[in-house]
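S.K.: Just passing along the structure, written as structure tokens.
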Amino acid sequence: MRDEVDLVVPVKTLDRAKTRLTSATGGDPVSHAALALALAMDTVSAALRTPGVRRVVTITSDPAVAAEMAALGVESIPEPAQPGLNEALVHGARTLRSIRIGALQADLPALRSDELQAALEAANARRAFVPDRQGTGTTLLLAAPGGELDPRFGVGSAGHHRDSGAIALLGPWPSLRCDVDTEEDLRLASMLGLGTHTANALPAWTT
Ligand SMILES: Nc1nc2c(ncn2[C@@H]2O[C@H](COP(=O)(O)OP(=O)(O)OP(=O)(O)O)[C@@H](O)[C@H]2O)c(=O)[nH]1
Ligand SMILES: C=C(OP(=O)(O)O)C(=O)O
């Protein structure tokens with residue numbers, strides 16, 4: 001199928017991840033790591049349910065993440081020696097050698113597979129990206145079939161992806177645009193409906 005894509009999902013080592021969310025779990029490092037993992041598990045679970053997604057692979061150097069992803073049937077590729085999010089994504093994309101590759105951020109705990117599917121279809125075989133709800137960051141970047149991903153994630157990535165020629169996809173996909181960096185983001189995601197892993201990691205938020 002023309003829109004079918006293999007997704008690489010970057011997941012930072014849990015003890016360094018989601019530092020802006022520390023307050024959501026009261027500063028307890030074990031609960032914080034569980035929350036960071038749960039965000040990724042819900043994101044990946046939704047991607048696996050999406051018909052146009054052929055394969056999902058995480059890019060991570062954290063053995064705990066790799067073990068939990070393996071339980072979902074998802075393979076993990078270790079990060080390359082060179083640090084950095086874009087370096088990890090390029091390495092993952094080169095390792096997979098897919099016909100069509102995409103990068104999905106791992107912090108989309110309300111993600112719905114119908115919204116992800118709609119975005120894949122809207123890309124219509126072009127290199128394209130979905131900005132986050134603020135319009136400054138990026139939650140999904142899709143290469144054109146046979147094309148390079150050329151990821152430019154980081155501060156202001158939506159502008160960088162646009163400047164590099166990627167098409168901005170601005171459909172009605174709140175769950176795909178709601179990446180969770182802060183407690184406010186988490187509140188908005190919980191209004192959309194958290195996935196089960198994140199809901200279980202945050203009992204006080206859902207009772
Ligand atoms: N493998 C890998 N993933 C990364 C790296 N940096 C960020 N990520 C992932 O990229 C996505 C977006 O990153 P951020 O939203 O900045 O998340 P974060 O760095 O964990 O959060 P903060 O500490 O609050 O900045 C998340 O899925 C992270 O897990 C990296 O160096 N390697
Ligand atoms: C790395 C990014 O995520 P965030 O802005 O959520 O840190 C990005 O949007 O490029």
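Starting from 1 in every chain, residues are counted up; chains themselves are A, B, ... following the order of the structure tokens, and ligands are numbered from 1 as listed.
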Tell me, as a PyMOL selection string, which residues lie within 9 Å of region 39-48 of chain A, counting only C-alpha atoms; anything in the same chain fewer than 6 positions away does not count.

M.R.: chain A and resi 7+9-11+54-58+65+68-69+72+74+104-113+116-117+180+194-198

S.K.: Given only C-alpha atoms, how would the per-residue table for region 133-195 of chain A near region 94-99 of chain A read, listing every residue at most 10 Å away with its closest atom pair and distance in Å to one decimal, sorted by chain and number, as a Markdown table?

M.R.:
| residue | atom | partner | partner_atom | distance |
| --- | --- | --- | --- | --- |
| A:Ala143 | CA | A:Ile99 | CA | 9.4 |
| A:Ala144 | CA | A:Ile99 | CA | 8.8 |
| A:Pro145 | CA | A:Ile99 | CA | 5.7 |
| A:Gly146 | CA | A:Ile99 | CA | 5.2 |
| A:Gly147 | CA | A:Ile99 | CA | 8.1 |
| A:Glu148 | CA | A:Arg94 | CA | 9.2 |
| A:Leu149 | CA | A:Arg94 | CA | 9.6 |

S.K.: Can you work out the spacing between CA of Leu142 (chain A) and CA of Ala128 (chain A) in Å, to one decimal?

M.R.: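 Those two atoms sit 5.2 Å apart.
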
S.K.: List all protein, DNA and RNA residues that have an atom no more than 10 Å from any atom of ligand 2, counting only C-alpha atoms and all ligand atoms, and report them as a PyMOL selection string.

M.R.: chain A and resi 18+20+85-86+105-108+130-132+134-141+151-161+178-182

S.K.: Restricted to N, CA and C atoms, what would the selected residues look like written as a short mmCIF file (atom, residue, chain, number, x, y, z; two decimals), in the first residue's frame?

M.R.:
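Dumped everything to part18.cif:
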data_model
loop_
_atom_site.label_atom_id
_atom_site.label_comp_id
_atom_site.auth_asym_id
_atom_site.auth_seq_id
_atom_site.Cartn_x
_atom_site.Cartn_y
_atom_site.Cartn_z
N LYS A 18 12.08 12.94 30.13
CA LYS A 18 10.91 13.68 30.59
C LYS A 18 11.18 14.48 31.86
N ARG A 20 10.95 17.59 32.38
CA ARG A 20 9.97 18.65 32.65
C ARG A 20 8.69 18.11 33.28
N LEU A 85 19.18 13.16 19.40
CA LEU A 85 17.92 12.61 18.89
C LEU A 85 17.96 12.41 17.37
N ASN A 86 18.40 13.40 16.63
CA ASN A 86 18.40 13.25 15.16
C ASN A 86 19.39 12.17 14.72
N GLN A 105 7.34 10.63 17.71
CA GLN A 105 7.81 10.90 19.07
C GLN A 105 7.14 9.93 20.05
N ALA A 106 7.82 9.64 21.15
CA ALA A 106 7.33 8.59 22.06
C ALA A 106 6.51 9.13 23.23
N ASP A 107 6.04 10.36 23.10
CA ASP A 107 5.34 10.97 24.24
C ASP A 107 3.93 11.41 23.87
N LEU A 108 3.19 10.46 23.24
CA LEU A 108 1.84 10.75 22.77
C LEU A 108 0.85 9.76 23.44
N VAL A 130 3.78 16.48 11.13
CA VAL A 130 2.66 16.96 11.94
C VAL A 130 3.23 17.80 13.07
N PRO A 131 2.88 19.09 13.13
CA PRO A 131 3.36 19.92 14.23
C PRO A 131 2.64 19.57 15.54
N ASP A 132 3.28 19.85 16.65
CA ASP A 132 2.60 19.64 17.94
C ASP A 132 1.50 20.69 18.10
N GLN A 134 1.17 23.25 19.88
CA GLN A 134 1.61 24.65 19.94
C GLN A 134 2.07 25.15 18.57
N GLY A 135 2.33 24.22 17.65
CA GLY A 135 2.76 24.59 16.30
C GLY A 135 4.26 24.79 16.16
N THR A 136 5.02 24.58 17.22
CA THR A 136 6.46 24.82 17.16
C THR A 136 7.28 23.53 17.05
N GLY A 137 6.80 22.49 17.72
CA GLY A 137 7.50 21.20 17.68
C GLY A 137 6.90 20.28 16.64
N THR A 138 7.41 19.05 16.60
CA THR A 138 6.97 18.06 15.61
C THR A 138 6.67 16.75 16.34
N THR A 139 5.54 16.14 16.01
CA THR A 139 5.24 14.84 16.63
C THR A 139 5.46 13.68 15.67
N LEU A 140 5.32 13.95 14.37
CA LEU A 140 5.48 12.89 13.36
C LEU A 140 6.16 13.49 12.14
N LEU A 141 7.17 12.79 11.64
CA LEU A 141 7.84 13.18 10.39
C LEU A 141 7.83 11.96 9.47
N PRO A 151 15.74 14.17 9.54
CA PRO A 151 15.07 14.70 10.72
C PRO A 151 15.74 15.95 11.27
N ARG A 152 14.93 16.89 11.70
CA ARG A 152 15.44 18.14 12.28
C ARG A 152 14.71 18.44 13.58
N PHE A 153 14.61 17.40 14.43
CA PHE A 153 13.92 17.57 15.71
C PHE A 153 14.77 18.42 16.65
N GLY A 154 14.09 18.99 17.63
CA GLY A 154 14.73 19.89 18.59
C GLY A 154 13.89 21.16 18.68
N VAL A 155 14.40 22.17 19.38
CA VAL A 155 13.64 23.41 19.55
C VAL A 155 13.28 24.00 18.19
N GLY A 156 12.00 24.35 18.02
CA GLY A 156 11.55 24.95 16.77
C GLY A 156 11.56 24.00 15.59
N SER A 157 11.41 22.70 15.85
CA SER A 157 11.56 21.72 14.75
C SER A 157 10.49 21.87 13.67
N ALA A 158 9.30 22.34 14.01
CA ALA A 158 8.26 22.49 12.97
C ALA A 158 8.77 23.45 11.89
N GLY A 159 9.34 24.57 12.31
CA GLY A 159 9.89 25.53 11.34
C GLY A 159 11.03 24.92 10.54
N HIS A 160 11.87 24.14 11.21
CA HIS A 160 13.01 23.52 10.50
C HIS A 160 12.54 22.48 9.49
N HIS A 161 11.49 21.73 9.88
CA HIS A 161 10.98 20.74 8.92
C HIS A 161 10.31 21.45 7.74
N CYS A 178 -0.80 16.11 20.58
CA CYS A 178 -0.66 16.37 22.01
C CYS A 178 0.53 15.61 22.59
N ASP A 179 1.75 16.12 22.31
CA ASP A 179 2.91 15.51 22.96
C ASP A 179 2.97 16.03 24.39
N VAL A 180 3.51 15.21 25.26
CA VAL A 180 3.46 15.52 26.69
C VAL A 180 4.86 15.82 27.21
N ASP A 181 5.10 17.10 27.43
CA ASP A 181 6.37 17.55 28.01
C ASP A 181 6.18 18.03 29.45
N THR A 182 5.00 18.59 29.74
CA THR A 182 4.76 19.24 31.03
C THR A 182 3.48 18.69 31.65
#

S.K.: Can you pull out every residue within 8 Å of Leu192 (chain A), counting only C-alpha atoms, but drop anything in the same chain fewer than 4 positions away, and send it as a list in words?

M.R.: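 Here the qualifying residues turn out to be Ala110, Pro174, Ser175 and Leu188 of chain A.
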
S.K.: Hey, which of A:Ala70, A:Val90, A:Ile167, A:Ala119 ends up closest to ligand 1? Count only C-alpha atoms and all ligand atoms.

M.R.: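 Looking at the shortest contact to ligand 1, the residue is A:Val90.
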
S.K.: For the strand (DSSP E or B) assignment from backbone DSSP, which residues of region 40-189 of chain A qualify? Please present them as a ChimeraX atom specification.

M.R.: /A:53-59,75-77,101-104,128-131,138-142,167-168

S.K.: Since we have the selection now, will you write its residues out, keeping C-alpha atoms, as a PDB file, in the first residue's frame?

M.R.:
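Writing the result to part-v6.pdb gives the following:
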ATOM      1  CA  VAL A  53       1.940   1.175   9.870  1.00  0.00           C
ATOM      2  CA  ARG A  54       3.831  -1.889   8.703  1.00  0.00           C
ATOM      3  CA  ARG A  55       6.436  -2.016  11.444  1.00  0.00           C
ATOM      4  CA  VAL A  56       7.386  -0.137  14.617  1.00  0.00           C
ATOM      5  CA  VAL A  57      10.935  -0.099  15.996  1.00  0.00           C
ATOM      6  CA  THR A  58      12.201   1.823  19.009  1.00  0.00           C
ATOM      7  CA  ILE A  59      15.605   3.475  19.088  1.00  0.00           C
ATOM      8  CA  GLU A  75      12.222  -4.620  18.242  1.00  0.00           C
ATOM      9  CA  SER A  76      14.684  -2.048  19.566  1.00  0.00           C
ATOM     10  CA  ILE A  77      17.792  -0.705  17.882  1.00  0.00           C
ATOM     11  CA  ILE A 101      10.161   5.562   6.899  1.00  0.00           C
ATOM     12  CA  GLY A 102       8.693   7.833   9.544  1.00  0.00           C
ATOM     13  CA  ALA A 103       9.673   9.108  12.987  1.00  0.00           C
ATOM     14  CA  LEU A 104       7.068   9.237  15.736  1.00  0.00           C
ATOM     15  CA  ALA A 128       5.528  15.649   5.553  1.00  0.00           C
ATOM     16  CA  PHE A 129       5.265  16.409   9.250  1.00  0.00           C
ATOM     17  CA  VAL A 130       2.656  16.963  11.936  1.00  0.00           C
ATOM     18  CA  PRO A 131       3.358  19.922  14.234  1.00  0.00           C
ATOM     19  CA  THR A 138       6.966  18.057  15.612  1.00  0.00           C
ATOM     20  CA  THR A 139       5.240  14.843  16.631  1.00  0.00           C
ATOM     21  CA  LEU A 140       5.476  12.892  13.357  1.00  0.00           C
ATOM     22  CA  LEU A 141       7.840  13.180  10.389  1.00  0.00           C
ATOM     23  CA  LEU A 142       7.286  11.053   7.282  1.00  0.00           C
ATOM     24  CA  ILE A 167       4.644  19.598   4.021  1.00  0.00           C
ATOM     25  CA  ALA A 168       2.875  20.586   7.260  1.00  0.00           C
TER      26      ALA A 168
END

S.K.: Return as an mmCIF file with C-alpha atoms, in the first residue's frame the full set of residues in region 28-182 of chain A whose backbone-based DSSP assignment is alpha helix (DSSP H).

M.R.:
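See selection25.cif below for the written result:
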data_model
loop_
_atom_site.group_PDB
_atom_site.id
_atom_site.type_symbol
_atom_site.label_atom_id
_atom_site.label_comp_id
_atom_site.auth_asym_id
_atom_site.auth_seq_id
_atom_site.Cartn_x
_atom_site.Cartn_y
_atom_site.Cartn_z
ATOM 1 C CA PRO A 29 12.467 8.508 40.432
ATOM 2 C CA VAL A 30 10.909 5.045 40.191
ATOM 3 C CA SER A 31 7.431 6.431 39.480
ATOM 4 C CA HIS A 32 8.943 8.923 37.059
ATOM 5 C CA ALA A 33 10.712 6.205 35.060
ATOM 6 C CA ALA A 34 7.458 4.197 35.045
ATOM 7 C CA LEU A 35 5.596 7.213 33.671
ATOM 8 C CA ALA A 36 8.200 7.885 30.942
ATOM 9 C CA LEU A 37 7.988 4.218 29.918
ATOM 10 C CA ALA A 38 4.162 4.252 29.993
ATOM 11 C CA LEU A 39 4.026 7.249 27.632
ATOM 12 C CA ALA A 40 6.156 5.329 25.147
ATOM 13 C CA MET A 41 4.166 2.097 25.566
ATOM 14 C CA ASP A 42 0.873 3.851 24.830
ATOM 15 C CA THR A 43 2.358 5.629 21.815
ATOM 16 C CA VAL A 44 3.759 2.407 20.387
ATOM 17 C CA SER A 45 0.566 0.445 21.142
ATOM 18 C CA ALA A 46 -1.510 2.943 19.136
ATOM 19 C CA ALA A 47 0.998 2.856 16.266
ATOM 20 C CA LEU A 48 0.799 -0.956 16.202
ATOM 21 C CA PRO A 63 17.524 -2.290 28.338
ATOM 22 C CA ALA A 64 14.343 -1.851 30.423
ATOM 23 C CA VAL A 65 12.662 -0.046 27.514
ATOM 24 C CA ALA A 66 13.874 -2.686 25.044
ATOM 25 C CA ALA A 67 12.511 -5.503 27.263
ATOM 26 C CA GLU A 68 9.080 -3.892 27.645
ATOM 27 C CA MET A 69 8.888 -3.156 23.921
ATOM 28 C CA ALA A 70 9.839 -6.757 23.132
ATOM 29 C CA ALA A 71 6.815 -7.837 25.179
ATOM 30 C CA LEU A 85 17.924 12.612 18.888
ATOM 31 C CA ASN A 86 18.397 13.249 15.165
ATOM 32 C CA GLU A 87 21.498 11.047 15.096
ATOM 33 C CA ALA A 88 19.491 8.244 16.736
ATOM 34 C CA LEU A 89 16.711 8.621 14.161
ATOM 35 C CA VAL A 90 19.070 8.656 11.167
ATOM 36 C CA HIS A 91 20.783 5.554 12.524
ATOM 37 C CA GLY A 92 17.423 3.805 13.001
ATOM 38 C CA ALA A 93 16.217 4.752 9.534
ATOM 39 C CA ARG A 94 19.457 3.524 7.912
ATOM 40 C CA THR A 95 19.307 0.265 9.842
ATOM 41 C CA LEU A 96 15.746 -0.454 8.734
ATOM 42 C CA SER A 113 -4.801 4.963 15.617
ATOM 43 C CA ASP A 114 -7.511 6.538 13.428
ATOM 44 C CA GLU A 115 -5.830 9.928 13.746
ATOM 45 C CA LEU A 116 -2.398 8.518 12.933
ATOM 46 C CA GLN A 117 -3.899 6.693 9.958
ATOM 47 C CA ALA A 118 -5.539 9.897 8.724
ATOM 48 C CA ALA A 119 -2.205 11.709 8.889
ATOM 49 C CA LEU A 120 -0.455 8.950 6.924
ATOM 50 C CA GLU A 121 -3.114 9.240 4.234
ATOM 51 C CA ALA A 122 -2.989 13.050 4.182
ATOM 52 C CA ALA A 123 0.763 12.917 3.534
ATOM 53 C CA SER A 157 11.556 21.723 14.755
ATOM 54 C CA ALA A 158 8.263 22.491 12.973
ATOM 55 C CA GLY A 159 9.885 25.527 11.339
ATOM 56 C CA HIS A 160 13.008 23.525 10.503
ATOM 57 C CA HIS A 161 10.981 20.736 8.919
ATOM 58 C CA ARG A 162 8.948 23.271 6.934
ATOM 59 C CA ASP A 163 12.119 25.081 5.805
ATOM 60 C CA PRO A 174 -5.634 16.366 18.670
ATOM 61 C CA SER A 175 -4.261 13.093 20.003
ATOM 62 C CA LEU A 176 -1.445 13.082 17.454
ATOM 63 C CA ARG A 177 -0.562 16.696 18.202
#

S.K.: Counting only C-alpha atoms and all ligand atoms, which residue out of A:Ala17, A:Ala24, A:Val5, A:Ala125 sits closest to ligand 1?

M.R.: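 Distance minimum relative to ligand 1 lands on A:Ala17.
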
S.K.: Any idea what the distance is between atom 11 (C, counted along the ligand's line) of ligand 1 and CA of Thr19 (chain A)?

M.R.: 11.7 Å
